[in-house]
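**Student:** Okay, here's the structure, questions in a sec.
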Amino acid sequence: MAEVKNKQVVLKDYVTGFLKESDLDLVENTITLKLPEGSNEILLKNLYLSCDPFMRNLMSDIGILEKFLPYAPGSPLFGYGVAKVLESGHPDYKKGDLVWGFTKWEEYSLVPSSRILFKIEHTDVPLSYYTGILGMPGMTAYAGFFEVGLPKKGEKVFVSAASGAVGQLVGQFAKLTGCYVVGSAGSKDKVLFIKLFANNPILYQLPSPTCCKAYDWQDLKAISF
Ligand SMILES: NC(=O)c1ccc[n+]([C@@H]2O[C@H](COP(=O)([O-])OP(=O)(O)OC[C@H]3O[C@@H](n4cnc5c(N)ncnc54)[C@H](OP(=O)(O)O)[C@@H]3O)[C@@H](O)[C@H]2O)c1
């Protein structure tokens, strides 16, 4: 079976402070597109990768997420993504299936089947939606807002990072539920965007935060993501 080139995004070394482009490297490796004999793993062609805030935590030399060890310098990053199954050693998946789950930042990946979280059945929407509204940010927003927050029409909802992947969905769910939505964001462009759903969009940056309307902060519900 052919050995093919496999571009990877690797972490050069552990990061302190904000991530810089120079902390990452694009390298070209090779991979044999064939499952090892007897393997029950899944060989994937990665299609879309999701860039999420928790990934920064894994770039420090101490793992601060219980579920995951930090990234290893010199190895590709991993995170949520959409992929096509090229070969499967697990009965739940077959060649050609589209899946969503944990994969690596490279063109082709060999992953344990337990890393795949679900098979994508609905392909009548762009597959990239599974990195957003139909993926982890969407599930976080939906479960956090509806199942933890138990919102009621007329309630006041404050959303910080309201233009972000999770925040923009919480804001829209709140609006659809008939809540009064206050959203904050860190730039004028983001505030223009959140005006689509926020009754009261706030540009919070100093020196002069702007707020369209005076706001009564009492009886505010808090959900932390
Ligand atoms: N518990 C869970 O399962 C779960 C799942 C998903 C996400 N989350 C959490 O939910 C939050 C939002 O996630 P997301 O995917 O929507 O993120 P995102 O799209 O990357 O948005 C992050 C936004 O946070 C704001 N921000 C405020 N302070 C910041 C700082 N010091 N550094 C960087 N950004 C800062 C920035 O917006 P402004 O400039 O507009 O403020 C930034 O654009 C994150 O804290 C994430 O870890 C939790």
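Each chain of the structure tokens is named A, B, ... in the order shown, its residues numbered from 1; ligands are numbered from 1 in display order.
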Please identify every polymer residue within 9 Å of ligand 1, using only C-alpha atoms and all ligand atoms, and present the set as a ChimeraX atom specification.

**Tutor:** /A:18,51-55,132,136-141,144,160-169,184-187,190-191,203-205,224-225

**Student:** Just C-alpha atoms for this one: save the residues we selected as a short mmCIF file (atom, residue, chain, number, x, y, z; two decimals), in the first residue's frame.

**Tutor:**
```cif
data_model
loop_
_atom_site.label_atom_id
_atom_site.label_comp_id
_atom_site.auth_asym_id
_atom_site.auth_seq_id
_atom_site.Cartn_x
_atom_site.Cartn_y
_atom_site.Cartn_z
CA PHE A 18 -0.40 33.97 24.26
CA CYS A 51 -9.73 25.33 16.77
CA ASP A 52 -11.01 25.57 20.35
CA PRO A 53 -9.90 27.45 23.49
CA PHE A 54 -9.22 24.25 25.51
CA MET A 55 -6.37 23.50 23.09
CA GLY A 132 -19.54 24.70 15.06
CA MET A 136 -18.79 20.84 20.45
CA PRO A 137 -19.60 24.59 20.59
CA GLY A 138 -23.21 23.86 19.57
CA MET A 139 -23.64 21.10 22.14
CA THR A 140 -22.05 23.28 24.82
CA ALA A 141 -24.32 26.20 24.01
CA GLY A 144 -25.62 24.90 28.89
CA SER A 160 -19.88 37.40 27.48
CA ALA A 161 -17.65 36.64 24.46
CA ALA A 162 -20.99 36.95 22.67
CA SER A 163 -19.49 36.81 19.17
CA GLY A 164 -17.50 33.65 19.96
CA ALA A 165 -18.38 30.14 18.82
CA VAL A 166 -20.40 29.33 21.96
CA GLY A 167 -21.53 32.85 22.84
CA GLN A 168 -23.12 33.65 19.48
CA LEU A 169 -25.25 30.50 19.75
CA SER A 184 -20.52 41.86 25.41
CA ALA A 185 -17.67 41.71 22.92
CA GLY A 186 -14.18 43.13 22.58
CA SER A 187 -14.25 45.06 19.28
CA LYS A 190 -17.87 41.99 16.97
CA VAL A 191 -20.43 44.36 18.46
CA LEU A 203 -18.32 47.00 23.71
CA TYR A 204 -16.55 46.35 26.99
CA GLN A 205 -13.06 47.56 26.16
CA SER A 224 -20.38 29.43 33.26
CA PHE A 225 -18.87 27.55 30.33
#
```

**Student:** Write out as a PyMOL selection string all residues of stretch 17-165 of chain A that DSSP puts in strand (DSSP E or B) for this structure's backbone.

**Tutor:** chain A and resi 24-32+42-49+76+78-88+98-104+106+108-111+116-119+156-159

**Student:** Can you tell me, as a PyMOL selection string, what residues are no more than 12 Å from stretch 81-92 of chain A when counting only C-alpha atoms, ignoring any on the same chain fewer than 6 positions away?

**Tutor:** chain A and resi 32-52+98-120+123+126-132+134-136

**Student:** What are the DSSP alpha helix (DSSP H) residues of stretch 87-153 of chain A, as a CSV table (one decimal) with C-alpha atoms, in the first residue's frame?

**Tutor:**
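Dumped to result.csv:
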```csv
chain,number,residue,atom,x,y,z
A,136,MET,CA,-18.8,20.8,20.5
A,137,PRO,CA,-19.6,24.6,20.6
A,138,GLY,CA,-23.2,23.9,19.6
A,139,MET,CA,-23.6,21.1,22.1
A,140,THR,CA,-22.1,23.3,24.8
A,141,ALA,CA,-24.3,26.2,24.0
A,142,TYR,CA,-27.5,24.1,23.7
```

**Student:** What is the distance, in Å and to one decimal place, between atom CA of A:Lys152 and atom CA of A:Ile202?

**Tutor:** 22.6 Å

**Student:** So the first atom is atom CA of A:Val27 and the second is atom CA of A:Val10; what is the distance between them in Å, to one decimal place?

**Tutor:** 7.2 Å

**Student:** Can you pull out the residues contacting A:Ala198? Cut-off 7 Å, using only C-alpha atoms, and skip same-chain residues under 4 positions away; I want them as a PyMOL selection string.

**Tutor:** chain A and resi 171+181-183+194

**Student:** Distance atom CA of A:Phe173-atom CA of A:Glu147, one decimal place?

**Tutor:**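 These two atoms are separated by 12.1 Å.
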
**Student:** Given only C-alpha atoms as the basis, pick out the residue of A:Leu150, A:Leu77, A:Leu26, A:Ile31 nearest to A:Cys179.

**Tutor:**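 With only C-alpha atoms as the atom set, the closest residue is A:Leu150.
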
**Student:** Excluding A:Gly17 and residues on its chain fewer than 6 positions from it, collect all residues at most 12 Å away from it, counting only C-alpha atoms, and give them as a list in words.

**Tutor:**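 Contacts, in chain order: Asp23, Arg56, Asn57, Met59 and Ser60 of chain A.
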
**Student:** Between A:Val170, A:Glu121, A:Phe193, A:Asp97, which has the minimum distance to A:Ala143 (counting only C-alpha atoms)?

**Tutor:**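 Counting only C-alpha atoms, the residue closest to A:Ala143 is A:Val170.
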
**Student:** Smallest atom-to-atom distance to A:Tyr71: which of A:Lys95, A:His122, A:Lys12, A:Lys7, using only C-alpha atoms?

**Tutor:** A:Lys12
